[in-house]
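Engineer: For reference, the structure I am asking about is given below.
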Amino acid sequence: MSTSSPPSYDPPPELNEPQRNAVAHAEGPLLVFAGAGSGKTRVIVYRIASLVAFHEVPPYRILAVTFTNKAAAEMKHRLTGLVGEAMTKDLWVGTFHAVCARLLRRYHAAAGLERNFVIYDDSDQRAVVGRVLKELDLDDRRYPPRQVLSRIHHEKQEGRSPADFVKQGYFDDAVGECFAKYEQHLKQANAVDFDDLLLHVLRVVEDPDSPAGEELRLRFHHVLVDEFQDVNQVQYRLVKGLTLHTHNLTTVGDDDQSIYRWRGADVRVIRNFRRDFPDATVIKLEQNYRSTGNIVRSALGVIKPSAEREPKEIWTANKDGEPVLVVGADSEHDEAGWVVEHVRTLIEHGVSARDIAIFYRVHAQSRVLEEVMRAEKLPYQIIGGMRFFERAEVKDILCYLRAVGNPRSDVDLLRIINVPSRKIGASTLEKLVQTANQQGSSVYDSIEPLISGSSLGTAAKKSLLSFRDLFQSLMAEARTASPSQLCEEILHRSGYQKMLEDEDSAEADARILNVNELVQSIVDYEEEARAADQPATLDGYLERVSLTADADTLEDTPRVAMMTVHAAKGLEFDTVFITGMEEELFPFKGLDPKRGEDLEEERRLAYVAVTRARRQLVITHASRRAIFGQTRYGLPSRFLGDFPKGSTRAIMTPAAALMRDRIRPSGSFQQASFQESGSFGARRGEWQHPQERVPAAAPVTAPVESAPGTKVRTTELTPQAVTSVYVGRPNQRPTAPLPPQRRAPQAFTPAHARQTSPARAPGERYLERDVDAAEGTGGMAAGGQVTHEIFGAGVVEQVDSGPDPAVTVRFSGHGKKRIKARFLRFVDNHD
DNA sequence: TTGCCACAAATTTTT
DNA sequence: TTTGTGGCAA
């Protein structure tokens, strides 16, 4: 190696001497097990830099694949710093799909595609399946397109074609046929789906007789794969094929972070790598540089029970830091209120919002959190969910662009042929598709015969004719205009813009903005292309759109990031809130109890979530949660029980503590009522962190966090009433750490409650009762605390007395409201 | 053919 | 709770 020109970078401190040598110099297969926070990206980058600098491997002979654009960008960024921009530019760095799309444009002929193939996304694919089902005369209620499609996906991820399809059960009989027809349609449309991008390349690479295949097999001298635990069979075969001659395959990953099994990822690939490559050098990075001792130990506790994992001793030299805070909340509203309250505390103490993240297991959980964040006027950003490019209006325009670029793409044509309305209705469309099927052509090609044929009425013919003229003029335009110009023309000539303008509603206005943003994104693309000295083509833009995920758009503005745990992989934050840590939700339990492997993956998912936090981790769970339209009662997640006791501290929100005490006495009104609601019985009284669980007979303490001595002057609460009672003190937030649980005084006992509470007739509204006792606004004054049935806890800002007194209250989670005093209960802070 | 309404269904994670 | 779909009437 060259000693004369020392590299301008330091080797990763994460590596010891032998590891460093292996990474810098190993020929042949190399496997790096990189635990969370162990600096794996540095390792890959360091290796690439070494190959270029010491081993003089031409950059264009090096391929580094990732799973997300973000990871690819990060890698490029770091490489630029190490080996310079010129070198980095020539490296092949990108996602599997982006790299394959690029290769496929070059080798399209070998794959039997036109150069201008389009990439179908999920909804396009579903549209194809829908059409296939119709053609095969299958009931789409018995065979939901989604399920059929996911079955097809599964097959393709394993690298199987319709010919290899193995039927299992009656459902597959239909799926098999659909699969074949689906592939046929894609081919006919000159389209590929996500799986095809890899599959087409794979078929070429694995074809021993194909000259293009041999070219591909020789193309790269080194292939490096990031997040190797996430590869599926196709991806594995692909990188194996590309390194067939050199065996220079570097893989970096962490089997503990394999969370994409449902997407075809196969953990066994990384676990069996040594078996497939007996000569592989294996390195384990076990030191965590990211998180505090408590977090790292918690992470290890969560992942330890995992079966069959590659043994790794994860440790850190960092300080212990704060214990992991486990918060029991009453409902999802209570949970959100608590979380947001503490986010606000952090921000008020100078923490940047960009260092805070809130995670949840499913998107459905985000709504409540979002509402509270918005009410509190805290800056936040939701990652995932509805993507920009999937919005109806954006998708419409994209379909126009794609159809104009590739008229054979039926899905696109059918989507836009009558948008805006051109009086081309269902019956005409039916005939179009029928004709297309009969003559084995595209829908576009069946327009002409129908116009000249006799099966349509004159009105329908006229409509078709005008569409054809429009479309042809757009295609002509496409030959000369730039993508952005073409887009403008489409908006204009198709009448789409006018349609939106005429609608004149707030939604339409938002759509116009979105469409404008789309145009802007094309302009951006053109400018980038120009800067990179490359032609800006329509296909290029469309490809980029197809391969860009929302997770790549995490903005760098200071906002609290809210996302699913899946979306959080690869990210890190100082403070992390993991919400919804309950059985059924996390681990998530679907309808089919195929458990086993699924549970393993949920555990790994929990591990991923925990290891995102650098300094403080807060985990919340709620005893009650309205999700998917109905209220469910749940127990804290089993994963909480795996946290080492010394590293956590469990507390409850005031509302949760309140509830627990309400439940305890047997035969009481509340318990009876809960049992009627049918979801749980006595167990609920034991609701608390598993490790803090006390014997049933032990006295129950009711920790009222941040408001010691707080007493609620009300008496009995119906279950409904407690929905959002939050007895915090929003304006007097302590700095972290939060008070420990033990010392909290009992706010009140069930016995106490019974004594002071008058008997109540069933159905009687408790609120009015309490107001009677309170005598108007008695006791309410600015600064006082009140609770409202819907808005929860708040602080009085102003009192307007009168016959029906009203109060202005600032609610935690709902902002400022003016409310009649009789709808409020107030909280007495004095004993 | 379109638009509205009612009803039903489903409701994880995504390159 | 939201989203989608189907039928029906104009």
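As shown in the structure tokens, the chain order sets the letters A, B, ...; within each chain, residues go from 1, and ligands are also counted from 1 in the order they appear.
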How close does chain A get to chain B? List, as a Markdown table, each residue of chain A within 9 Å, its nearest atom pair and the distance in Å to one decimal, counting only C-alpha atoms (C1' of nucleotides).
Structural biologist:
```
| residue | atom | partner | partner_atom | distance |
| --- | --- | --- | --- | --- |
| A:Phe67 | CA | B:DT15 | C1' | 6.6 |
| A:Thr68 | CA | B:DT15 | C1' | 7.0 |
| A:Thr95 | CA | B:DT15 | C1' | 8.0 |
| A:Phe96 | CA | B:DT15 | C1' | 8.0 |
| A:His97 | CA | B:DT15 | C1' | 6.8 |
| A:Phe194 | CA | B:DT15 | C1' | 7.5 |
| A:Ile259 | CA | B:DT13 | C1' | 8.5 |
| A:Tyr260 | CA | B:DT13 | C1' | 7.6 |
| A:Trp262 | CA | B:DT13 | C1' | 7.8 |
| A:Arg263 | CA | B:DT14 | C1' | 7.8 |
| A:Arg361 | CA | B:DT12 | C1' | 7.8 |
| A:Val362 | CA | B:DT12 | C1' | 6.0 |
| A:His363 | CA | B:DT12 | C1' | 8.2 |
| A:Ala364 | CA | B:DT11 | C1' | 8.4 |
| A:Lys423 | CA | B:DT1 | C1' | 6.8 |
| A:Ile424 | CA | B:DT1 | C1' | 8.2 |
| A:Gly425 | CA | B:DT1 | C1' | 6.1 |
| A:Ala426 | CA | B:DT1 | C1' | 8.2 |
| A:Leu547 | CA | B:DT15 | C1' | 7.2 |
| A:Thr548 | CA | B:DT15 | C1' | 8.5 |
| A:Ala549 | CA | B:DT15 | C1' | 7.6 |
| A:Thr564 | CA | B:DT13 | C1' | 8.1 |
| A:Val565 | CA | B:DT13 | C1' | 8.5 |
| A:His566 | CA | B:DT13 | C1' | 6.2 |
| A:Ala567 | CA | B:DT13 | C1' | 8.6 |
| A:Phe588 | CA | B:DT12 | C1' | 7.8 |
| A:Gly590 | CA | B:DT12 | C1' | 8.5 |
| A:Ile627 | CA | B:DT11 | C1' | 8.9 |
| A:Phe628 | CA | B:DT11 | C1' | 5.8 |
| A:Gly629 | CA | B:DT11 | C1' | 8.8 |
```
Engineer: DSSP on the backbone, helix (DSSP H, G or I) only: what residues of segment 62-150 of chain A does that give? Format it as a PyMOL selection string.
Structural biologist: chain A and resi 69-83+85-90+96-106+122-135+145-150
Engineer: If you take only C-alpha atoms (C1' of nucleotides) and a cut-off of 12 Å, which residues of chain C touch chain A, and what are their nearest atom pairs and distances in Å to one decimal, in chain and number order, as CSV?
Structural biologist:
```
residue,atom,partner,partner_atom,distance
C:DT1,C1',A:Gly629,CA,4.8
C:DT2,C1',A:Phe628,CA,8.7
C:DT3,C1',A:Phe628,CA,11.9
C:DT5,C1',A:Arg141,CA,11.0
```
Engineer: Using DSSP secondary structure from the backbone, list all strand (DSSP E) positions within segment 19-112 of chain A, as a list in words.
Structural biologist: Leu30, Leu31, Val32, Phe33, Ala34, Ile62, Leu63, Ala64, Val65, Thr66, Trp92, Val93, Gly94 and Thr95 of chain A
Engineer: Save out the residues we just selected, C-alpha atoms, as a tab-separated table (two decimals), in the first residue's frame.
Structural biologist:
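Dumped everything to result_39.tsv:
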```tsv
chain	number	residue	atom	x	y	z
A	30	LEU	CA	-16.33	-9.28	4.62
A	31	LEU	CA	-19.15	-9.23	7.12
A	32	VAL	CA	-19.45	-6.53	9.74
A	33	PHE	CA	-21.94	-6.96	12.52
A	34	ALA	CA	-22.49	-3.40	13.60
A	62	ILE	CA	-17.18	0.37	-6.64
A	63	LEU	CA	-20.85	-0.12	-5.87
A	64	ALA	CA	-22.30	0.77	-2.49
A	65	VAL	CA	-25.96	-0.03	-1.98
A	66	THR	CA	-28.29	1.20	0.70
A	92	TRP	CA	-21.97	3.99	-7.64
A	93	VAL	CA	-23.80	4.88	-4.46
A	94	GLY	CA	-27.55	4.47	-4.22
A	95	THR	CA	-30.48	2.40	-3.15
```
Engineer: Would you please work out which residue, of A:Val404, A:Ala53, A:Val129, A:Leu325, is nearest to Ile651 of chain A when using only C-alpha atoms?
Structural biologist: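 Between A:Val404, A:Ala53, A:Val129, A:Leu325, the residue approaching Ile651 of chain A most closely is A:Leu325.
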Engineer: What's around Thr246 of chain A at 8 Å? Count only C-alpha atoms (C1' of nucleotides), leave out sequence neighbours fewer than 4 positions away in its own chain, and write the answer as a ChimeraX atom specification.
Structural biologist: /A:28,221-222
Engineer: As an exercise, work out the distance from atom CA of Arg660 of chain A to atom CA of Glu332 of chain A in Å and give it to one decimal place.
Structural biologist: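 Interatomic distance here is 15.8 Å.
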Engineer: Show me, as a PDB file with N, CA, C and O atoms, in the first residue's frame, the residues that have an atom within 10 Å of segment 437-441 of chain A when counting only C-alpha atoms (C1' of nucleotides), minus same-chain residues fewer than 2 positions from it.
Structural biologist:
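Output contents, as saved in out.pdb:
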```pdb
ATOM      1  N   GLU A 135     -61.098  -8.876 -15.558  1.00  0.00           N
ATOM      2  CA  GLU A 135     -60.948  -9.692 -16.759  1.00  0.00           C
ATOM      3  C   GLU A 135     -61.160 -11.163 -16.478  1.00  0.00           C
ATOM      4  O   GLU A 135     -61.703 -11.895 -17.285  1.00  0.00           O
ATOM      5  N   HIS A 185     -49.729  -7.718 -18.328  1.00  0.00           N
ATOM      6  CA  HIS A 185     -50.165  -6.335 -18.458  1.00  0.00           C
ATOM      7  C   HIS A 185     -49.010  -5.358 -18.299  1.00  0.00           C
ATOM      8  O   HIS A 185     -48.925  -4.368 -19.013  1.00  0.00           O
ATOM      9  N   GLN A 188     -46.957  -5.452 -21.376  1.00  0.00           N
ATOM     10  CA  GLN A 188     -47.710  -4.780 -22.425  1.00  0.00           C
ATOM     11  C   GLN A 188     -47.623  -3.255 -22.274  1.00  0.00           C
ATOM     12  O   GLN A 188     -47.571  -2.519 -23.237  1.00  0.00           O
ATOM     13  N   ALA A 189     -47.609  -2.820 -21.024  1.00  0.00           N
ATOM     14  CA  ALA A 189     -47.615  -1.383 -20.761  1.00  0.00           C
ATOM     15  C   ALA A 189     -46.207  -0.798 -20.742  1.00  0.00           C
ATOM     16  O   ALA A 189     -46.043   0.384 -20.480  1.00  0.00           O
ATOM     17  N   ARG A 408     -48.464   3.651 -23.844  1.00  0.00           N
ATOM     18  CA  ARG A 408     -48.875   2.262 -23.656  1.00  0.00           C
ATOM     19  C   ARG A 408     -49.247   1.965 -22.207  1.00  0.00           C
ATOM     20  O   ARG A 408     -49.783   0.912 -21.906  1.00  0.00           O
ATOM     21  N   ASP A 410     -51.388   1.739 -19.635  1.00  0.00           N
ATOM     22  CA  ASP A 410     -52.842   1.794 -19.510  1.00  0.00           C
ATOM     23  C   ASP A 410     -53.307   2.415 -18.204  1.00  0.00           C
ATOM     24  O   ASP A 410     -54.257   3.187 -18.166  1.00  0.00           O
ATOM     25  N   LYS A 431     -65.705  -0.427 -23.121  1.00  0.00           N
ATOM     26  CA  LYS A 431     -65.482  -0.812 -24.522  1.00  0.00           C
ATOM     27  C   LYS A 431     -64.012  -0.667 -24.904  1.00  0.00           C
ATOM     28  O   LYS A 431     -63.459  -1.514 -25.619  1.00  0.00           O
ATOM     29  N   LEU A 432     -63.413   0.393 -24.399  1.00  0.00           N
ATOM     30  CA  LEU A 432     -61.999   0.623 -24.701  1.00  0.00           C
ATOM     31  C   LEU A 432     -61.145  -0.543 -24.209  1.00  0.00           C
ATOM     32  O   LEU A 432     -60.326  -1.102 -24.944  1.00  0.00           O
ATOM     33  N   VAL A 433     -61.350  -0.886 -22.948  1.00  0.00           N
ATOM     34  CA  VAL A 433     -60.551  -1.949 -22.352  1.00  0.00           C
ATOM     35  C   VAL A 433     -60.817  -3.273 -23.065  1.00  0.00           C
ATOM     36  O   VAL A 433     -59.895  -4.044 -23.346  1.00  0.00           O
ATOM     37  N   GLN A 434     -62.084  -3.489 -23.371  1.00  0.00           N
ATOM     38  CA  GLN A 434     -62.459  -4.715 -24.066  1.00  0.00           C
ATOM     39  C   GLN A 434     -61.730  -4.817 -25.404  1.00  0.00           C
ATOM     40  O   GLN A 434     -61.135  -5.845 -25.731  1.00  0.00           O
ATOM     41  N   THR A 435     -61.800  -3.750 -26.152  1.00  0.00           N
ATOM     42  CA  THR A 435     -61.128  -3.729 -27.450  1.00  0.00           C
ATOM     43  C   THR A 435     -59.636  -3.979 -27.291  1.00  0.00           C
ATOM     44  O   THR A 435     -59.036  -4.769 -28.039  1.00  0.00           O
ATOM     45  N   VAL A 443     -54.619   0.368 -24.304  1.00  0.00           N
ATOM     46  CA  VAL A 443     -55.873   1.102 -24.351  1.00  0.00           C
ATOM     47  C   VAL A 443     -55.768   2.264 -25.336  1.00  0.00           C
ATOM     48  O   VAL A 443     -56.690   2.543 -26.089  1.00  0.00           O
ATOM     49  N   TYR A 444     -54.619   2.879 -25.316  1.00  0.00           N
ATOM     50  CA  TYR A 444     -54.439   4.008 -26.214  1.00  0.00           C
ATOM     51  C   TYR A 444     -54.644   3.592 -27.674  1.00  0.00           C
ATOM     52  O   TYR A 444     -55.305   4.281 -28.443  1.00  0.00           O
ATOM     53  N   ASP A 445     -54.083   2.449 -27.989  1.00  0.00           N
ATOM     54  CA  ASP A 445     -54.189   1.992 -29.381  1.00  0.00           C
ATOM     55  C   ASP A 445     -55.596   1.538 -29.746  1.00  0.00           C
ATOM     56  O   ASP A 445     -55.893   1.311 -30.916  1.00  0.00           O
ATOM     57  N   SER A 446     -56.431   1.379 -28.751  1.00  0.00           N
ATOM     58  CA  SER A 446     -57.795   0.944 -29.073  1.00  0.00           C
ATOM     59  C   SER A 446     -58.739   2.141 -29.246  1.00  0.00           C
ATOM     60  O   SER A 446     -59.906   1.971 -29.557  1.00  0.00           O
TER      61      SER A 446
END
```
Engineer: Find the residue from A:Met563, A:Ala98, A:Val57, A:Ala174 that sits nearest to His25 of chain A; use only C-alpha atoms when measuring.
Structural biologist: A:Val57
